[in-house]
$ cat run31.cif   # mmCIF, C-alpha atoms
data_entry
#
loop_
_atom_site.label_atom_id
_atom_site.label_comp_id
_atom_site.auth_asym_id
_atom_site.auth_seq_id
_atom_site.Cartn_x
_atom_site.Cartn_y
_atom_site.Cartn_z
CA MET A 1084 7.15 53.57 -101.59
CA THR A 1085 4.17 52.55 -99.46
CA ILE A 1086 2.06 49.70 -100.84
CA VAL A 1087 -1.58 49.66 -99.72
CA LYS A 1088 -3.83 46.63 -100.10
CA ILE A 1089 -7.56 47.44 -100.32
CA GLU A 1090 -9.75 44.37 -99.92
CA ASN A 1091 -13.25 43.83 -101.35
CA VAL A 1092 -13.62 47.38 -102.70
CA ARG A 1093 -15.97 48.34 -105.53
CA VAL A 1094 -13.65 49.64 -108.27
CA LEU A 1095 -15.39 52.18 -110.54
CA ASP A 1096 -12.79 52.43 -113.30
CA SER A 1097 -13.69 55.03 -115.92
CA ILE A 1098 -10.43 54.32 -117.78
CA GLN A 1099 -11.23 50.63 -118.38
CA LYS A 1100 -15.01 51.25 -118.09
CA THR A 1101 -15.45 48.50 -115.51
CA ASP A 1102 -17.44 48.25 -112.28
CA GLN A 1103 -16.44 45.31 -110.09
CA VAL A 1104 -15.74 44.36 -106.48
CA ARG A 1105 -12.17 43.12 -106.02
CA THR A 1106 -8.99 43.44 -104.00
CA VAL A 1107 -6.42 45.93 -105.32
CA TYR A 1108 -2.90 47.05 -104.50
CA VAL A 1109 -1.94 50.74 -104.74
CA GLU A 1110 1.59 52.13 -104.90
CA ASN A 1111 2.41 55.79 -105.57
CA GLY A 1112 -1.11 56.45 -106.83
CA LYS A 1113 -1.13 53.51 -109.26
CA LEU A 1114 -2.80 50.11 -109.20
CA ILE A 1115 -0.18 47.37 -109.27
CA ALA A 1116 -0.16 43.57 -109.49
CA ALA A 1117 -0.63 41.59 -106.27
CA VAL A 1118 2.42 41.47 -104.00
CA ALA A 1119 3.24 39.48 -100.87
CA GLN A 1120 4.61 42.39 -98.83
CA VAL A 1121 2.27 45.32 -98.11
CA ASP A 1122 2.60 48.27 -95.73
CA GLU A 1123 -1.09 48.73 -94.97
CA THR A 1124 -4.29 46.76 -95.48
CA ILE A 1125 -7.69 48.46 -95.72
CA ASN A 1126 -11.05 46.72 -95.54
CA GLY A 1127 -12.86 48.26 -98.50
CA GLN A 1128 -16.17 46.50 -97.90
CA GLY A 1129 -18.99 48.84 -99.00
CA GLN A 1130 -16.54 51.47 -100.27
CA TRP A 1131 -15.78 52.72 -103.78
CA LEU A 1132 -12.43 53.26 -105.50
CA MET A 1133 -12.40 55.61 -108.49
CA PRO A 1134 -9.79 57.62 -110.43
CA THR A 1135 -8.98 61.14 -109.22
CA MET A 1136 -11.29 63.81 -110.62
CA VAL A 1137 -10.87 66.56 -113.22
CA ASP A 1138 -12.59 69.86 -112.40
CA LEU A 1139 -13.38 72.06 -115.41
CA CYS A 1140 -14.04 75.25 -113.41
CA ALA A 1141 -12.71 76.37 -110.04
CA ARG A 1142 -11.29 79.64 -108.77
CA LEU A 1143 -8.46 79.24 -106.28
CA ARG A 1144 -8.12 83.03 -105.70
CA GLU A 1145 -4.33 83.25 -106.02
CA PRO A 1146 -2.78 85.47 -107.25
CA GLY A 1147 -4.29 88.64 -105.84
CA GLN A 1148 -7.18 87.46 -103.65
CA GLN A 1149 -5.48 85.45 -100.94
CA GLN A 1150 -7.95 86.76 -98.33
CA HIS A 1151 -10.41 84.29 -99.93
CA GLY A 1152 -8.11 81.38 -100.71
CA THR A 1153 -4.60 80.38 -101.78
CA LEU A 1154 -3.08 77.77 -104.05
CA LYS A 1155 -2.01 75.99 -100.87
CA SER A 1156 -5.36 76.06 -99.04
CA GLU A 1157 -7.54 75.32 -102.06
CA GLY A 1158 -5.09 72.85 -103.59
CA LYS A 1159 -5.04 70.82 -100.39
CA ALA A 1160 -8.85 70.97 -100.16
CA ALA A 1161 -9.19 69.79 -103.77
CA ARG A 1162 -6.71 66.94 -103.29
CA ALA A 1163 -8.32 65.79 -100.03
CA ASN A 1164 -11.66 65.67 -101.85
CA GLY A 1165 -10.27 63.57 -104.69
CA ILE A 1166 -9.76 66.34 -107.27
CA LEU A 1167 -6.24 66.26 -108.68
CA HIS A 1168 -6.59 68.22 -111.94
CA VAL A 1169 -8.10 71.71 -111.54
CA ILE A 1170 -8.88 74.06 -114.43
CA THR A 1171 -9.26 77.73 -113.58
CA PRO A 1172 -10.73 80.67 -115.58
CA PRO A 1173 -8.49 83.61 -116.59
CA ASP A 1174 -9.92 86.26 -114.27
CA SER A 1175 -7.59 86.45 -111.29
CA LYS A 1176 -6.96 89.93 -109.87
CA PRO A 1177 -4.52 91.10 -111.16
CA ILE A 1178 -5.01 89.26 -114.47
CA VAL A 1179 -1.87 87.31 -115.37
CA GLN A 1180 -3.46 84.80 -117.75
CA ASP A 1181 -2.46 86.80 -120.83
CA ASN A 1182 1.20 86.08 -120.07
CA GLY A 1183 2.48 82.58 -120.84
CA ALA A 1184 5.58 82.91 -118.61
CA LEU A 1185 3.58 83.89 -115.50
CA ILE A 1186 1.15 81.03 -116.08
CA HIS A 1187 3.98 78.51 -115.90
CA GLY A 1188 5.00 79.86 -112.47
CA LEU A 1189 1.47 79.45 -111.08
CA ILE A 1190 1.28 75.87 -112.32
CA GLU A 1191 4.53 75.01 -110.51
CA LYS A 1192 3.38 76.76 -107.32
CA ALA A 1193 0.07 74.87 -107.30
CA GLN A 1194 1.88 71.56 -107.45
CA LEU A 1195 4.43 72.48 -104.79
CA ASP A 1196 2.03 74.24 -102.38
CA GLY A 1197 -1.24 72.41 -102.93
CA GLY A 1198 -0.32 69.06 -104.44
CA ILE A 1199 -2.54 69.45 -107.50
CA TYR A 1200 -2.12 69.80 -111.24
CA LEU A 1201 -3.33 73.29 -112.17
CA HIS A 1202 -4.47 74.08 -115.71
CA ILE A 1203 -5.04 77.73 -116.55
CA ILE A 1204 -7.36 78.93 -119.29
CA GLY A 1205 -5.64 81.79 -121.11
CA ALA A 1206 -7.19 85.23 -121.62
CA GLN A 1207 -9.06 85.65 -124.89
CA THR A 1208 -8.42 89.40 -124.99
CA GLN A 1209 -5.60 91.47 -123.50
CA GLY A 1210 -6.27 91.90 -119.78
CA LEU A 1211 -9.84 90.68 -120.51
CA ASN A 1212 -10.51 94.19 -121.84
CA GLY A 1213 -12.72 92.82 -124.61
CA LYS A 1214 -10.96 94.95 -127.20
CA GLN A 1215 -7.73 93.43 -128.52
CA PRO A 1216 -6.97 89.70 -128.87
CA ALA A 1217 -4.45 88.38 -126.35
CA ASN A 1218 -1.19 86.84 -127.53
CA MET A 1219 -2.73 83.41 -127.98
CA ALA A 1220 0.37 81.97 -129.66
CA GLY A 1221 2.38 82.89 -126.54
CA LEU A 1222 -0.33 81.43 -124.30
CA LYS A 1223 -0.28 78.15 -126.20
CA LYS A 1224 3.50 78.06 -125.87
CA GLY A 1225 3.05 78.64 -122.12
CA GLY A 1226 0.86 75.53 -121.85
CA CYS A 1227 -2.70 76.80 -122.41
CA THR A 1228 -4.98 74.60 -124.51
CA ALA A 1229 -7.96 76.93 -124.17
CA VAL A 1230 -8.80 80.65 -123.93
CA SER A 1231 -11.76 82.52 -122.53
CA ASN A 1232 -12.91 86.04 -121.69
CA ALA A 1233 -14.42 84.62 -118.47
CA ASN A 1234 -17.29 86.87 -117.32
CA ALA A 1235 -15.85 90.01 -118.94
CA ALA A 1236 -17.80 91.61 -121.79
CA PHE A 1237 -16.55 92.07 -125.35
CA GLU A 1238 -16.55 95.58 -126.80
CA ASN A 1239 -18.41 94.31 -129.86
CA ASP A 1240 -19.08 91.15 -131.85
CA ASP A 1241 -16.29 91.91 -134.31
CA VAL A 1242 -13.77 91.34 -131.49
CA VAL A 1243 -15.38 87.98 -130.74
CA ILE A 1244 -15.14 86.88 -134.37
CA ARG A 1245 -11.48 87.93 -134.63
CA THR A 1246 -10.51 86.07 -131.47
CA LEU A 1247 -12.37 82.94 -132.58
CA GLU A 1248 -10.56 82.97 -135.92
CA TYR A 1249 -7.24 83.41 -134.11
CA ALA A 1250 -7.99 80.55 -131.71
CA ALA A 1251 -9.16 78.28 -134.54
CA GLY A 1252 -5.86 78.85 -136.38
CA LEU A 1253 -3.94 77.71 -133.29
CA ASP A 1254 -6.29 74.78 -132.54
CA LEU A 1255 -7.19 76.33 -129.17
CA THR A 1256 -10.58 75.70 -127.58
CA VAL A 1257 -12.60 78.80 -126.66
CA VAL A 1258 -14.51 78.56 -123.38
CA PHE A 1259 -17.69 80.62 -123.07
CA TYR A 1260 -19.46 81.47 -119.79
CA ALA A 1261 -22.41 82.74 -121.76
CA GLU A 1262 -24.22 85.84 -120.53
CA GLU A 1263 -25.50 88.75 -122.64
CA PRO A 1264 -24.43 91.88 -120.68
CA GLN A 1265 -27.30 94.06 -121.87
CA LEU A 1266 -29.84 91.54 -120.60
CA ALA A 1267 -28.05 90.66 -117.37
CA LYS A 1268 -27.17 94.28 -116.52
CA ASP A 1269 -26.76 94.61 -112.75
CA GLY A 1270 -28.79 91.50 -111.95
CA CYS A 1271 -27.81 89.01 -109.27
CA VAL A 1272 -30.60 86.39 -109.06
CA HIS A 1273 -32.87 84.36 -111.33
CA GLU A 1274 -35.83 86.25 -112.79
CA GLY A 1275 -38.83 84.90 -110.94
CA PHE A 1276 -41.40 85.36 -108.20
CA ILE A 1277 -38.98 85.11 -105.27
CA ALA A 1278 -36.64 87.73 -106.72
CA SER A 1279 -39.58 90.03 -107.51
CA ARG A 1280 -41.00 89.71 -104.00
CA GLN A 1281 -37.64 90.60 -102.48
CA GLY A 1282 -36.98 93.42 -104.93
CA LEU A 1283 -33.67 91.98 -106.10
CA PRO A 1284 -32.26 92.82 -109.57
CA MET A 1285 -32.72 89.85 -111.87
CA ILE A 1286 -30.82 87.91 -114.55
CA PRO A 1287 -33.32 86.32 -116.95
CA ALA A 1288 -32.62 82.94 -118.50
CA LEU A 1289 -32.70 84.81 -121.80
CA ALA A 1290 -29.37 86.45 -120.89
CA GLU A 1291 -27.77 83.01 -121.16
CA THR A 1292 -29.68 81.59 -124.10
CA VAL A 1293 -29.33 84.67 -126.33
CA ALA A 1294 -25.57 84.65 -125.75
CA ILE A 1295 -25.31 80.90 -126.49
CA ALA A 1296 -27.35 81.23 -129.69
CA LYS A 1297 -25.16 84.10 -130.93
CA TYR A 1298 -21.91 82.33 -130.11
CA LEU A 1299 -23.08 79.12 -131.80
CA LEU A 1300 -23.56 81.02 -135.06
CA MET A 1301 -20.01 82.39 -134.72
CA ILE A 1302 -18.63 78.94 -133.95
CA GLU A 1303 -20.28 77.58 -137.09
CA ALA A 1304 -18.80 80.41 -139.16
CA THR A 1305 -15.23 80.06 -137.82
CA GLY A 1306 -14.99 76.32 -137.15
CA VAL A 1307 -13.41 76.91 -133.72
CA LYS A 1308 -13.70 74.26 -131.02
CA ALA A 1309 -15.83 75.66 -128.19
CA HIS A 1310 -16.89 74.72 -124.69
CA PHE A 1311 -19.86 76.24 -122.85
CA GLY A 1312 -19.21 76.27 -119.12
CA LEU A 1313 -21.66 76.59 -116.22
CA LEU A 1314 -24.98 76.13 -118.01
CA SER A 1315 -27.88 77.08 -115.77
CA CYS A 1316 -31.04 76.95 -117.92
CA GLY A 1317 -33.09 74.15 -119.39
CA ALA A 1318 -33.39 76.10 -122.66
CA SER A 1319 -29.58 76.17 -122.92
CA VAL A 1320 -29.56 72.37 -123.01
CA GLU A 1321 -31.76 72.41 -126.11
CA LEU A 1322 -29.45 74.88 -127.89
CA ILE A 1323 -26.42 72.66 -127.19
CA ARG A 1324 -28.39 69.59 -128.26
CA ALA A 1325 -29.22 71.21 -131.61
CA ALA A 1326 -25.61 72.34 -132.10
CA LYS A 1327 -24.28 68.83 -131.47
CA ALA A 1328 -26.90 67.32 -133.81
CA LYS A 1329 -25.63 69.72 -136.45
CA GLY A 1330 -22.08 68.47 -135.93
CA LEU A 1331 -20.61 71.62 -134.40
CA PRO A 1332 -17.42 71.07 -132.33
CA VAL A 1333 -19.12 71.97 -129.04
CA THR A 1334 -19.05 70.60 -125.47
CA ALA A 1335 -20.66 71.82 -122.23
CA ASP A 1336 -20.57 71.46 -118.46
CA VAL A 1337 -22.76 72.30 -115.48
CA ALA A 1338 -21.89 73.11 -111.87
CA MET A 1339 -22.85 70.43 -109.35
CA HIS A 1340 -24.89 72.92 -107.30
CA GLN A 1341 -27.14 73.65 -110.30
CA LEU A 1342 -28.20 69.99 -110.24
CA HIS A 1343 -29.37 70.27 -106.62
CA LEU A 1344 -30.13 73.84 -105.56
CA THR A 1345 -32.76 76.29 -106.83
CA GLU A 1346 -33.86 79.91 -106.49
CA GLN A 1347 -35.83 78.92 -103.36
CA LEU A 1348 -32.59 79.29 -101.38
CA ILE A 1349 -32.38 83.06 -101.95
CA ASP A 1350 -35.55 83.53 -99.90
CA GLY A 1351 -34.80 85.70 -96.89
CA PHE A 1352 -31.87 87.34 -98.72
CA ASN A 1353 -29.60 84.35 -98.10
CA SER A 1354 -26.35 85.65 -99.59
CA LEU A 1355 -24.73 82.20 -99.30
CA ALA A 1356 -26.96 81.28 -102.28
CA HIS A 1357 -25.63 84.24 -104.34
CA VAL A 1358 -23.82 82.65 -107.26
CA ARG A 1359 -23.39 83.55 -110.94
CA PRO A 1360 -24.97 82.23 -113.07
CA PRO A 1361 -27.76 82.28 -110.49
CA LEU A 1362 -29.61 79.33 -109.04
CA ARG A 1363 -32.66 78.93 -111.23
CA SER A 1364 -36.05 77.18 -111.16
CA GLU A 1365 -36.95 73.63 -110.21
CA GLN A 1366 -37.78 72.97 -113.87
CA ASP A 1367 -34.34 74.21 -114.95
CA LYS A 1368 -32.71 71.92 -112.39
CA ASP A 1369 -34.63 68.91 -113.71
CA LEU A 1370 -33.81 69.71 -117.35
CA LEU A 1371 -30.12 70.17 -116.52
CA ARG A 1372 -30.09 66.77 -114.82
CA LEU A 1373 -31.69 65.24 -117.91
CA GLY A 1374 -29.15 67.02 -120.13
CA VAL A 1375 -26.25 65.47 -118.20
CA LYS A 1376 -27.90 62.04 -118.16
CA GLN A 1377 -28.37 62.13 -121.93
CA GLY A 1378 -24.83 63.39 -122.58
CA VAL A 1379 -25.89 66.73 -124.06
CA ILE A 1380 -24.06 68.30 -121.12
CA ASP A 1381 -20.78 66.43 -121.12
CA ALA A 1382 -19.41 66.95 -117.62
CA ILE A 1383 -20.07 68.17 -114.07
CA CYS A 1384 -17.70 70.71 -112.47
CA THR A 1385 -17.47 72.16 -108.97
CA HIS A 1386 -17.57 75.89 -109.84
CA HIS A 1387 -15.66 76.28 -106.57
CA GLU A 1388 -15.39 79.94 -105.51
CA PRO A 1389 -14.06 80.35 -101.95
CA LEU A 1390 -14.81 83.67 -100.23
CA SER A 1391 -14.01 85.21 -96.87
CA SER A 1392 -16.90 85.58 -94.42
CA SER A 1393 -16.99 89.37 -94.88
CA ALA A 1394 -17.65 88.94 -98.62
CA LYS A 1395 -21.13 87.62 -97.80
CA MET A 1396 -22.08 90.15 -95.10
CA ALA A 1397 -23.33 93.09 -97.20
CA PRO A 1398 -26.89 93.47 -98.53
CA PHE A 1399 -27.53 90.58 -100.95
CA ALA A 1400 -26.96 92.43 -104.24
CA GLU A 1401 -23.69 93.91 -102.94
CA THR A 1402 -22.19 90.61 -101.75
CA LEU A 1403 -19.68 88.74 -103.89
CA SER A 1404 -21.10 85.80 -105.80
CA GLY A 1405 -19.71 82.33 -105.25
CA ILE A 1406 -20.10 79.00 -103.47
CA SER A 1407 -17.31 76.98 -101.85
CA ALA A 1408 -17.83 73.60 -103.50
CA PHE A 1409 -14.84 71.24 -103.23
CA ASP A 1410 -15.93 69.73 -99.91
CA THR A 1411 -19.51 68.88 -100.92
CA TYR A 1412 -18.75 67.73 -104.49
CA VAL A 1413 -18.55 63.98 -103.83
CA ALA A 1414 -21.51 63.89 -101.44
CA LEU A 1415 -23.73 65.66 -103.97
CA GLY A 1416 -22.58 63.19 -106.62
CA VAL A 1417 -23.48 60.30 -104.33
CA GLN A 1418 -26.89 61.95 -103.84
CA LEU A 1419 -27.47 61.99 -107.62
CA ILE A 1420 -26.79 58.25 -107.64
CA ALA A 1421 -29.11 57.66 -104.66
CA GLU A 1422 -31.86 59.60 -106.45
CA GLY A 1423 -31.48 57.41 -109.54
CA VAL A 1424 -30.07 60.06 -111.87
CA PHE A 1425 -26.92 58.02 -112.58
CA GLU A 1426 -25.45 54.60 -112.08
CA PRO A 1427 -22.19 54.94 -110.06
CA LEU A 1428 -19.88 54.41 -113.07
CA GLU A 1429 -21.90 56.94 -115.12
CA TRP A 1430 -21.31 59.60 -112.46
CA VAL A 1431 -17.62 58.72 -112.21
CA GLU A 1432 -17.23 59.25 -115.98
CA LYS A 1433 -18.88 62.69 -115.74
CA VAL A 1434 -16.25 63.88 -113.23
CA THR A 1435 -13.15 62.04 -114.49
CA SER A 1436 -12.65 60.72 -118.03
CA ILE A 1437 -15.17 62.95 -119.82
CA PRO A 1438 -13.92 66.30 -118.41
CA ALA A 1439 -10.38 65.10 -119.19
CA GLN A 1440 -11.47 64.56 -122.78
CA VAL A 1441 -13.20 67.97 -122.91
CA ALA A 1442 -9.98 69.60 -121.66
CA ASN A 1443 -7.87 67.83 -124.32
CA MET A 1444 -5.84 66.01 -121.66
CA THR A 1445 -7.03 62.39 -121.72
CA GLU A 1446 -3.57 60.88 -122.17
CA ARG A 1447 -2.01 63.13 -119.55
CA TRP A 1448 -4.82 62.47 -117.06
CA GLN A 1449 -4.49 58.72 -117.49
CA GLN A 1450 -0.75 58.99 -116.79
CA GLU A 1451 -1.16 61.27 -113.76
CA ALA A 1452 -4.48 60.07 -112.32
CA GLY A 1453 -4.39 58.64 -108.83
CA TRP A 1454 -7.22 56.88 -107.03
CA VAL A 1455 -9.87 58.03 -104.58
CA LEU A 1456 -11.38 55.85 -101.85
CA ILE A 1457 -14.94 56.89 -101.03
CA ASP A 1458 -17.35 55.81 -98.32
CA PRO A 1459 -20.76 56.33 -100.02
CA ALA A 1460 -22.60 55.65 -96.75
CA CYS A 1461 -20.67 58.07 -94.52
CA GLN A 1462 -23.03 60.67 -93.04
CA TRP A 1463 -21.53 64.01 -92.09
CA THR A 1464 -22.69 67.54 -91.35
CA VAL A 1465 -21.49 70.49 -93.43
CA SER A 1466 -19.91 73.00 -91.05
CA LYS A 1467 -17.08 75.49 -90.95
CA GLU A 1468 -15.05 72.80 -89.20
CA THR A 1469 -15.70 70.04 -91.75
CA ILE A 1470 -15.03 72.29 -94.77
CA LEU A 1471 -11.33 72.05 -95.64
CA SER A 1472 -11.39 75.00 -98.04
CA GLN A 1473 -10.46 78.42 -96.69
CA GLY A 1474 -13.85 79.56 -97.96
CA LYS A 1475 -16.79 78.45 -95.79
CA ASN A 1476 -19.37 80.07 -98.08
CA THR A 1477 -21.98 77.45 -98.95
CA PRO A 1478 -25.77 77.42 -98.52
CA LEU A 1479 -25.37 73.78 -97.44
CA ILE A 1480 -23.94 74.81 -94.04
CA GLY A 1481 -25.76 72.86 -91.33
CA GLN A 1482 -27.06 70.16 -93.68
CA GLN A 1483 -26.34 66.47 -93.29
CA LEU A 1484 -24.90 64.86 -96.43
CA THR A 1485 -24.01 61.27 -97.27
CA GLY A 1486 -20.76 60.32 -99.01
CA LYS A 1487 -17.20 61.28 -98.14
CA VAL A 1488 -13.68 60.81 -99.49
CA VAL A 1489 -11.72 58.53 -97.16
CA MET A 1490 -8.33 58.77 -98.84
CA THR A 1491 -6.64 60.08 -101.99
CA PHE A 1492 -3.76 58.12 -103.49
CA ALA A 1493 -1.68 60.20 -105.89
CA GLN A 1494 1.82 60.74 -107.22
CA CYS A 1495 2.14 64.51 -106.98
#
$ encode --input "run31.cif" --output "structure tokens"
Amino acid sequence: MTIVKIENVRVLDSIQKTDQVRTVYVENGKLIAAVAQVDETINGQGQWLMPTMVDLCARLREPGQQQHGTLKSEGKAARANGILHVITPPDSKPIVQDNGALIHGLIEKAQLDGGIYLHIIGAQTQGLNGKQPANMAGLKKGGCTAVSNANAAFENDDVVIRTLEYAAGLDLTVVFYAEEPQLAKDGCVHEGFIASRQGLPMIPALAETVAIAKYLLMIEATGVKAHFGLLSCGASVELIRAAKAKGLPVTADVAMHQLHLTEQLIDGFNSLAHVRPPLRSEQDKDLLRLGVKQGVIDAICTHHEPLSSSAKMAPFAETLSGISAFDTYVALGVQLIAEGVFEPLEWVEKVTSIPAQVANMTERWQQEAGWVLIDPACQWTVSKETILSQGKNTPLIGQQLTGKVVMTFAQC
């Protein structure tokens, strides 16, 4: 095994909750005691060392959509950007996340092809049809600790209640990507002046908050553990705050791009800014930042959705939604620190130990976590060449960012 000595590096350890400059020795992704014989020495002056990250929401596109990305391409991009544990929603095409045996095969393939630990959220209903509960007992046996209906609608609220009761009985977490279909309809952008001026169909913030409010009442009635993913509205933060104050077993996350980007980017029909939930107002962005800072929103995820170039070439409303996010994740985190939103260790916790806790995998993450060496002062330009993901679809193309992963040390 190769032993690497990193001198004078700032170690941001979210496991021990320490922030100190020291010299460390790394072997097979683990910090070890000082040794006389090393294979490589790195000058870590001005650099950060942190545990590998846990991403609560990313789509890797395999199986079924390999024209956008594969377990190999996206796994390697995640690993190179310091993300070792990736959690993916149950809406691949075809849908295989209602079959515990198939899920196990994908997890093995992700580790072999991409060098990451893949965690798959099971389907809440059969084939995400919104009608009959999936075989959650079989999904749990196959390794799922959570279920979700992703962005698919339920036939009625009775189905939701029955699936929540089923999940509660199995101690499975239910993940909601809250959006009320009747209010969202065929919308694609935030309801506001820019969307109105461009004549684009809109998704009001109410589509998210109405859904959250309804699901919170169901959570209270059934006692199920629930996680709300990809919050996009300031009003959603207040609903989660009230639920937590009431003692409900609820957690939440937000995509990194929602903490930086707003509806302004859709001006000129920029389809690279087409994402769902949509980029919202400046006020929403500020309230989401505050929600994360205060711990109402527990964690930050990538919401990585790689797409082929052709997927963004139709008229805006007809393009596929999604932003390729693995490659800019660390730089945008460094920007939050530079802007005073977080102290460095606070940010590290939001992308490592806290999402691990949300995903019920703290012990496993601590055993499998490697370490990531980051240069927080490295300036680089986002381009198709610098993006490692197969998907080059980001509205940050052409922008100069600061902060880059130098090296990932890991076992797998």
$ resolve_selection --input "run31.cif" --expression "the PyMOL selection byres ((chain A and resi 1151) around 7)" --output "PyMOL selection string"
chain A and resi 1144+1148-1150+1152+1389-1391+1473-1474
$ resolve_selection --input "run31.cif" --expression "the PyMOL selection byres ((chain A and resi 1200-1203) around 7)" --output "MDAnalysis selection string"
chainID A and resid 1167:1173 1190 1193:1194 1199 1204:1205 1227
$ atom_distance --input "run31.cif" --atom1 "atom CA of Ala1400 of chain A" --atom2 "atom CA of Glu1388 of chain A"
17.1 Å
$ resolve_selection --input "run31.cif" --expression "the PyMOL selection byres ((chain A and resi 1255) around 8)" --output "MDAnalysis selection string"
chainID A and resid 1223 1228:1230 1250:1254 1256:1257 1307:1308
$ closest_residue --input "run31.cif" --among "A:Arg1363, A:His1387, A:Lys1368, A:Lys1224" --to "Asn1182 of chain A" --atoms "only C-alpha atoms"
A:Lys1224
$ closest_residue --input "run31.cif" --among "A:Ala1493, A:Val1094, A:Met1339, A:Ala1397" --to "Cys1384 of chain A" --atoms "all atoms listed in the file"
A:Met1339
$ closest_residue --input "run31.cif" --among "A:Leu1479, A:Gly1405, A:Leu1342, A:Ala1452" --to "Gln1418 of chain A" --atoms "only C-alpha atoms"
A:Leu1342
$ residues_around --input "run31.cif" --residues "segment 1120-1129 of chain A" --least-positions-apart "4" --cutoff "8 Å" --atoms "only C-alpha atoms" --output "list in words"
Thr1085, Ile1086, Val1087, Lys1088, Ile1089, Glu1090, Asn1091, Val1092, Arg1093, Asp1458 and Pro1459 of chain A
